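*Asks:* Quick one: structure below, then a few questions.
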Amino acid sequence: MINFATSARVLSQNGYTPIPVVPGEKRPAIPKWTAVNYEHSPHLLEEFCNKHPDASTGILLGDVCVIDIAGLQK
């Protein structure tokens, strides 16, 4: 499984704002996650990667549109 420390750097380099998610849950592992901005605070990405290396990965939406298909069945 790809963890936060691995995926976050790549996602950030591609213009996304990754945030650590508690493994096995669907909630952010950090407070004030909606205010994360790596352009204004570039040190945060490394801080989160070091503090939550094995977290799952989420991304902040905004201009990103997603469809959750996890619950769809044939």
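Chain labels A, B, ... are given in the sequence in which chains occur in the structure tokens; within each chain residues are numbered consecutively from 1, and ligands are likewise numbered from 1 in the order shown.
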Using DSSP assignments from the backbone, pull out every residue in chain A that falls under strand (DSSP E or B) and give it to me as number ranges by chain.
*Replies:* A: 18-21, 28, 56-59
*Asks:* For the residues selected in the previous step, produce a file with N, CA and C atoms as a PDB file, in the first residue's frame.
*Replies:*
```pdb
ATOM      1  N   PRO A  18      -2.333  17.444  -0.724  1.00  0.00           N
ATOM      2  CA  PRO A  18      -2.596  16.221   0.028  1.00  0.00           C
ATOM      3  C   PRO A  18      -2.646  16.481   1.535  1.00  0.00           C
ATOM      4  N   ILE A  19      -3.510  15.736   2.200  1.00  0.00           N
ATOM      5  CA  ILE A  19      -3.578  15.808   3.659  1.00  0.00           C
ATOM      6  C   ILE A  19      -3.572  14.384   4.205  1.00  0.00           C
ATOM      7  N   PRO A  20      -2.970  14.178   5.381  1.00  0.00           N
ATOM      8  CA  PRO A  20      -2.953  12.841   5.976  1.00  0.00           C
ATOM      9  C   PRO A  20      -4.330  12.483   6.537  1.00  0.00           C
ATOM     10  N   VAL A  21      -4.714  11.235   6.310  1.00  0.00           N
ATOM     11  CA  VAL A  21      -5.992  10.706   6.775  1.00  0.00           C
ATOM     12  C   VAL A  21      -5.708   9.543   7.721  1.00  0.00           C
ATOM     13  N   PRO A  28      -9.554  13.391   8.622  1.00  0.00           N
ATOM     14  CA  PRO A  28      -8.200  13.938   8.582  1.00  0.00           C
ATOM     15  C   PRO A  28      -7.445  13.661   9.880  1.00  0.00           C
ATOM     16  N   SER A  56      -3.216   7.328   5.504  1.00  0.00           N
ATOM     17  CA  SER A  56      -3.792   7.291   4.163  1.00  0.00           C
ATOM     18  C   SER A  56      -3.693   8.707   3.608  1.00  0.00           C
ATOM     19  N   THR A  57      -4.048   8.870   2.343  1.00  0.00           N
ATOM     20  CA  THR A  57      -3.900  10.168   1.706  1.00  0.00           C
ATOM     21  C   THR A  57      -5.229  10.687   1.183  1.00  0.00           C
ATOM     22  N   GLY A  58      -5.525  11.930   1.523  1.00  0.00           N
ATOM     23  CA  GLY A  58      -6.668  12.632   0.959  1.00  0.00           C
ATOM     24  C   GLY A  58      -6.148  13.870   0.264  1.00  0.00           C
ATOM     25  N   ILE A  59      -6.976  14.496  -0.553  1.00  0.00           N
ATOM     26  CA  ILE A  59      -6.585  15.769  -1.158  1.00  0.00           C
ATOM     27  C   ILE A  59      -7.705  16.774  -0.939  1.00  0.00           C
TER      28      ILE A  59
END
```
*Asks:* Got a sec to tell me which of chain A DSSP assigns to alpha helix (DSSP H), as a list in words?
*Replies:* Phe4, Ala5, Thr6, Ser7, Ala8, Arg9, Val10, Leu11, Ser12, Gln13, His43, Leu44, Leu45, Glu46, Glu47, Phe48, Cys49, Asn50 and Lys51 of chain A
*Asks:* Could you tell me which of A:Ala29, A:Val36, A:Met1, A:Val10 comes closest to A:Leu61 if we count only C-alpha atoms?
*Replies:*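 Looking only at the distances to A:Leu61, the closest residue turns out to be A:Val36.
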*Asks:* Show me, as a list in words, the residues that have an atom within 9 Å of A:Arg9 when counting only C-alpha atoms, minus same-chain residues fewer than 3 positions from it.
*Replies:* Phe4, Ala5, Thr6, Ser12, Gln13, Asn14, Pro18, Leu45, Glu46 and Cys49 of chain A
*Asks:* Since we have the selection now, will you write its residues out, keeping N, CA and C atoms, as a PDB file, in the first residue's frame?
*Replies:*
```pdb
ATOM      1  N   PHE A   4       1.149   7.909   3.018  1.00  0.00           N
ATOM      2  CA  PHE A   4       1.128   9.362   2.860  1.00  0.00           C
ATOM      3  C   PHE A   4       2.504   9.926   2.526  1.00  0.00           C
ATOM      4  N   ALA A   5       3.524   9.479   3.233  1.00  0.00           N
ATOM      5  CA  ALA A   5       4.863  10.021   3.007  1.00  0.00           C
ATOM      6  C   ALA A   5       5.315   9.835   1.565  1.00  0.00           C
ATOM      7  N   THR A   6       4.884   8.764   0.919  1.00  0.00           N
ATOM      8  CA  THR A   6       5.255   8.506  -0.474  1.00  0.00           C
ATOM      9  C   THR A   6       4.372   9.286  -1.446  1.00  0.00           C
ATOM     10  N   SER A  12       1.687  16.722  -4.392  1.00  0.00           N
ATOM     11  CA  SER A  12       1.997  18.139  -4.238  1.00  0.00           C
ATOM     12  C   SER A  12       2.752  18.674  -5.460  1.00  0.00           C
ATOM     13  N   GLN A  13       3.683  17.901  -5.969  1.00  0.00           N
ATOM     14  CA  GLN A  13       4.433  18.309  -7.160  1.00  0.00           C
ATOM     15  C   GLN A  13       3.521  18.445  -8.375  1.00  0.00           C
ATOM     16  N   ASN A  14       2.390  17.757  -8.355  1.00  0.00           N
ATOM     17  CA  ASN A  14       1.443  17.805  -9.469  1.00  0.00           C
ATOM     18  C   ASN A  14       0.287  18.772  -9.223  1.00  0.00           C
ATOM     19  N   PRO A  18      -2.333  17.444  -0.724  1.00  0.00           N
ATOM     20  CA  PRO A  18      -2.596  16.221   0.028  1.00  0.00           C
ATOM     21  C   PRO A  18      -2.646  16.481   1.535  1.00  0.00           C
ATOM     22  N   LEU A  45       4.336  20.312   4.417  1.00  0.00           N
ATOM     23  CA  LEU A  45       4.326  19.015   3.735  1.00  0.00           C
ATOM     24  C   LEU A  45       5.319  18.056   4.386  1.00  0.00           C
ATOM     25  N   GLU A  46       6.544  18.502   4.586  1.00  0.00           N
ATOM     26  CA  GLU A  46       7.546  17.635   5.228  1.00  0.00           C
ATOM     27  C   GLU A  46       7.166  17.329   6.672  1.00  0.00           C
ATOM     28  N   CYS A  49       4.523  14.672   6.491  1.00  0.00           N
ATOM     29  CA  CYS A  49       5.126  13.407   6.040  1.00  0.00           C
ATOM     30  C   CYS A  49       5.912  12.748   7.173  1.00  0.00           C
TER      31      CYS A  49
END
```
*Asks:* My list of candidates is A:Glu39, A:Ile67, A:Thr17, A:Ala55. Which is closest to A:Ile2 when distances are computed with only C-alpha atoms?
*Replies:*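 Of all the options, A:Ala55 lies closest to A:Ile2.
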*Asks:* Measuring atom to atom with only C-alpha atoms, identify which of A:Gly15, A:Pro23, A:Ala8, A:Glu47 is nearest to A:Asp63.
*Replies:*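 Looking only at the distances to A:Asp63, the closest residue turns out to be A:Gly15.
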